[in-house]
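Q: Sharing a structure here in structure tokens format.
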Amino acid sequence: MSHKNANEVFYPAKVLLFGEYTIINGGSALAIPFKKYGGRWSKGHKDLGLVSFFEYLKGLSDVDIKLIDKAISQNWTFESNIMIGYGIGSSGALSAAAYDTFFSKRIHSYDLLKNKLAQIEGFFHGISSGMDPLTSFVNSPILVKKQTITVLEDLPISDKLFLYDSNIRRTSKPLIAYYKEHLEKSPAFKDAVFALGQFTERVIQELVSGEDFSRGFKEISRIQ
């Protein structure tokens with residue numbers, strides 16, 4: 001993508017329907033773009049947090065350092081209405097935009113692209129699955145199963161699903177660290193995560209196939 005049109009491209013938010021956290025240790029996951037929210041590049045007031053992100057990008061391979069320096073000098077900002085700390089991919093959309101704009105090498109394998117996007121988003125979370133920015137970048141539903149990525153043309157989303165606004169924000173990094181620590185130290189926690197992964201597999205398959213997934217969904221809620 002030419003940076004001349006960078007401010008014309010809209011990068012949507014995402015909803016990870018199933019697979020939150022368990023995707024970190026190889027579980028299946030299903031995500032969809034949430035096109036009500038998103039962001040695009042603009043020029044405005046200097047954002048010191050974004051400058052730090054730009055500097056981080058310079059240390060990655062296949063990046064256009066001159067273009068990043070230009071973005072810094074021109075006070076590029078990421079104009080977004082994605083709420084930060086709500087789990088709908090604010091950093092994922094920014095990471096997708098960064099890859100699309102500043103990286104010269106186009107990656108055509110979804111697996112390799114997911115890894116590169118995870119590396120970019122690592123600035124924000126320390127560890128990233130790459131799922132959020134990949135969903136934003138391809139702007140289509142994404143299914144990860146047995147570490148194989150499939151981009152879905154359509155998904156029969158049930159009208160029984162809805163988002164509930166808890167009005168509670170959180171930061172992913174300490175929660176991911178907590179998850180990984182307990183996965184290693186607590187057998188009971190590990191067993192619960194295994195069961196969670198099994199029901200997640202089942203529900204994803206039922207949803208993609210258009211079947212009733214209510215029983216598995218209730219089990220996921222119970223375990224959580």
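By convention here, the chains of the structure tokens are called A, B, ... in the order presented, each chain's residues are numbered starting at 1, and ligands are numbered starting at 1 in the order presented.
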Please report, as number ranges by chain, each residue of range 16-200 of chain A to which DSSP assigns alpha helix (DSSP H) when run on this structure's backbone.

A: A: 48-57, 65-73, 90-102, 110-125, 131-138, 172-185, 187-200

Q: Fewer than 2 positions away in the same chain doesn't count, so skip those; otherwise give me all residues within 8 Å of range 27-41 of chain A, counting only C-alpha atoms, as a VMD selection string.

A: chain A and resid 6 to 20 22 to 25 43 76 to 82 88 90 93 to 94 97 131 to 132 135 to 136 139 to 147 197 200 to 201 204

Q: Once you have the residues from the selection above, write them out as a short mmCIF file (atom, residue, chain, number, x, y, z; two decimals), in the first residue's frame, restricted to N, CA and C atoms.

A:
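The result, stored in selection03.cif:
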```cif
data_model
loop_
_atom_site.label_atom_id
_atom_site.label_comp_id
_atom_site.auth_asym_id
_atom_site.auth_seq_id
_atom_site.Cartn_x
_atom_site.Cartn_y
_atom_site.Cartn_z
N ALA A 6 -2.64 6.45 2.90
CA ALA A 6 -2.72 5.83 4.22
C ALA A 6 -3.93 6.30 5.01
N ASN A 7 -4.30 7.57 4.86
CA ASN A 7 -5.41 8.08 5.66
C ASN A 7 -6.77 7.68 5.09
N GLU A 8 -6.78 6.96 3.95
CA GLU A 8 -8.04 6.54 3.35
C GLU A 8 -8.44 5.13 3.79
N VAL A 9 -7.51 4.38 4.37
CA VAL A 9 -7.78 2.99 4.72
C VAL A 9 -8.31 2.91 6.15
N PHE A 10 -9.42 2.21 6.33
CA PHE A 10 -10.07 2.06 7.63
C PHE A 10 -9.79 0.66 8.15
N TYR A 11 -9.28 0.58 9.39
CA TYR A 11 -8.94 -0.70 10.00
C TYR A 11 -9.93 -0.96 11.13
N PRO A 12 -10.79 -1.99 10.99
CA PRO A 12 -11.86 -2.21 11.95
C PRO A 12 -11.40 -2.82 13.27
N ALA A 13 -12.24 -2.65 14.28
CA ALA A 13 -12.06 -3.34 15.55
C ALA A 13 -12.37 -4.83 15.33
N LYS A 14 -12.27 -5.61 16.38
CA LYS A 14 -12.57 -7.04 16.26
C LYS A 14 -13.26 -7.53 17.52
N VAL A 15 -13.97 -8.64 17.37
CA VAL A 15 -14.52 -9.36 18.52
C VAL A 15 -14.01 -10.79 18.45
N LEU A 16 -13.31 -11.22 19.47
CA LEU A 16 -12.89 -12.62 19.57
C LEU A 16 -14.04 -13.37 20.22
N LEU A 17 -14.85 -14.02 19.38
CA LEU A 17 -16.05 -14.69 19.88
C LEU A 17 -15.70 -15.83 20.83
N PHE A 18 -14.74 -16.66 20.43
CA PHE A 18 -14.34 -17.80 21.25
C PHE A 18 -12.83 -18.00 21.13
N GLY A 19 -12.21 -18.38 22.24
CA GLY A 19 -10.78 -18.67 22.23
C GLY A 19 -9.94 -17.68 23.00
N GLU A 20 -10.59 -16.76 23.73
CA GLU A 20 -9.84 -15.80 24.53
C GLU A 20 -8.89 -16.54 25.49
N THR A 22 -7.10 -19.05 25.63
CA THR A 22 -6.71 -20.41 25.28
C THR A 22 -5.98 -20.47 23.94
N ILE A 23 -6.16 -19.47 23.10
CA ILE A 23 -5.44 -19.42 21.82
C ILE A 23 -3.93 -19.28 22.07
N ILE A 24 -3.56 -18.69 23.21
CA ILE A 24 -2.14 -18.48 23.52
C ILE A 24 -1.40 -19.81 23.58
N ASN A 25 -2.08 -20.86 24.08
CA ASN A 25 -1.42 -22.16 24.18
C ASN A 25 -1.95 -23.14 23.14
N LYS A 43 -2.98 13.24 10.45
CA LYS A 43 -1.90 14.10 10.93
C LYS A 43 -2.48 15.06 11.95
N TRP A 76 2.07 12.06 12.70
CA TRP A 76 0.98 11.13 12.38
C TRP A 76 0.33 10.63 13.66
N THR A 77 -0.97 10.52 13.64
CA THR A 77 -1.72 9.92 14.74
C THR A 77 -2.66 8.87 14.16
N PHE A 78 -3.15 8.00 15.02
CA PHE A 78 -4.12 6.99 14.60
C PHE A 78 -5.46 7.41 15.16
N GLU A 79 -6.31 7.93 14.27
CA GLU A 79 -7.61 8.44 14.68
C GLU A 79 -8.59 7.28 14.78
N SER A 80 -9.03 6.98 15.99
CA SER A 80 -9.81 5.76 16.21
C SER A 80 -10.94 6.00 17.20
N ASN A 81 -12.06 5.31 16.98
CA ASN A 81 -13.16 5.35 17.96
C ASN A 81 -13.27 4.03 18.71
N ILE A 82 -12.20 3.19 18.62
CA ILE A 82 -12.19 1.91 19.34
C ILE A 82 -11.83 2.18 20.80
N ILE A 88 -11.64 -5.09 22.27
CA ILE A 88 -12.14 -5.16 20.89
C ILE A 88 -11.07 -4.72 19.88
N SER A 90 -8.16 -2.39 19.95
CA SER A 90 -7.64 -1.05 19.65
C SER A 90 -6.18 -1.12 19.20
N ALA A 93 -5.93 -2.98 15.63
CA ALA A 93 -6.19 -2.15 14.46
C ALA A 93 -4.97 -1.27 14.15
N LEU A 94 -4.35 -0.71 15.19
CA LEU A 94 -3.16 0.10 15.00
C LEU A 94 -2.00 -0.74 14.45
N ALA A 97 -2.58 -1.42 10.81
CA ALA A 97 -2.28 -0.21 10.04
C ALA A 97 -0.77 -0.02 9.90
N MET A 131 -3.90 -12.48 16.54
CA MET A 131 -5.25 -12.69 16.05
C MET A 131 -5.98 -11.35 15.80
N ASP A 132 -5.83 -10.43 16.75
CA ASP A 132 -6.54 -9.15 16.62
C ASP A 132 -6.11 -8.39 15.36
N THR A 135 -7.26 -10.12 12.06
CA THR A 135 -8.69 -9.94 11.78
C THR A 135 -8.95 -8.56 11.22
N SER A 136 -8.29 -7.56 11.80
CA SER A 136 -8.44 -6.19 11.33
C SER A 136 -7.87 -6.02 9.92
N ASN A 139 -10.01 -8.04 7.41
CA ASN A 139 -11.38 -7.51 7.46
C ASN A 139 -12.41 -8.60 7.15
N SER A 140 -12.17 -9.81 7.68
CA SER A 140 -13.08 -10.95 7.49
C SER A 140 -13.01 -11.84 8.73
N PRO A 141 -14.02 -12.70 8.93
CA PRO A 141 -13.94 -13.65 10.04
C PRO A 141 -12.72 -14.55 9.91
N ILE A 142 -12.07 -14.84 11.03
CA ILE A 142 -10.86 -15.65 11.06
C ILE A 142 -11.09 -16.86 11.97
N LEU A 143 -10.80 -18.05 11.46
CA LEU A 143 -10.87 -19.27 12.25
C LEU A 143 -9.46 -19.84 12.39
N VAL A 144 -9.04 -20.08 13.64
CA VAL A 144 -7.77 -20.74 13.90
C VAL A 144 -8.08 -22.09 14.53
N LYS A 145 -7.65 -23.16 13.87
CA LYS A 145 -7.88 -24.51 14.38
C LYS A 145 -6.64 -25.35 14.12
N LYS A 146 -6.14 -25.97 15.18
CA LYS A 146 -4.90 -26.74 15.10
C LYS A 146 -3.80 -25.91 14.46
N GLN A 147 -3.80 -24.63 14.86
CA GLN A 147 -2.79 -23.66 14.42
C GLN A 147 -2.81 -23.41 12.92
N GLY A 197 -10.90 -25.36 26.61
CA GLY A 197 -10.48 -25.53 25.23
C GLY A 197 -11.33 -26.54 24.48
N THR A 200 -14.66 -24.96 23.75
CA THR A 200 -14.46 -23.91 22.74
C THR A 200 -14.39 -24.52 21.35
N GLU A 201 -13.66 -25.64 21.22
CA GLU A 201 -13.59 -26.36 19.94
C GLU A 201 -15.00 -26.73 19.46
N ILE A 204 -17.22 -23.60 18.47
CA ILE A 204 -16.80 -23.00 17.20
C ILE A 204 -17.29 -23.83 16.03
#
```

Q: Write out as a PyMOL selection string each polymer residue whose atoms come within 12 Å of Asn115 in chain A, counting only C-alpha atoms; drop sequence neighbours fewer than 4 positions from it.

A: chain A and resi 99+107+109-111+119-122+127-134+147+149

Q: For each of A:Ile223, A:Ala98, A:Val51, A:Ile168, take the minimum atom-to-atom distance to Met83 in chain A, counting only C-alpha atoms, then give the residue where this is smallest.

A: A:Ile168

Q: One decimal, in Å: what's the spacing between CA of Gly92 in chain A and CA of Asp69 in chain A?

A: 21.7 Å

Q: For Ala192 in chain A, please output as a list of chain:residue names all residues within 10 Å (counting only C-alpha atoms; exclusion window: fewer than 6 positions along the same chain).

A: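 Returned residues: A:Leu183, A:Ser186, A:Gln198, A:Ile223, A:Gln224.
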
Q: Grab the residues selected above and save them as a PDB file, in the first residue's frame with C-alpha atoms.

A:
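File part.pdb, as written:
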```pdb
ATOM      1  CA  LEU A 183      -1.211 -22.514  33.783  1.00  0.00           C
ATOM      2  CA  SER A 186      -1.783 -24.790  39.232  1.00  0.00           C
ATOM      3  CA  GLN A 198     -12.535 -28.648  24.526  1.00  0.00           C
ATOM      4  CA  ILE A 223     -15.892 -22.874  33.592  1.00  0.00           C
ATOM      5  CA  GLN A 224     -15.017 -19.198  33.310  1.00  0.00           C
TER       6      GLN A 224
END
```

Q: May I ask which of the residues A:Ile84, A:Leu57, A:Ile72, A:Leu175 is the closest one to Ser42 in chain A, counting only C-alpha atoms?

A: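 For Ser42 in chain A, the nearest of the given residues is A:Ile72.
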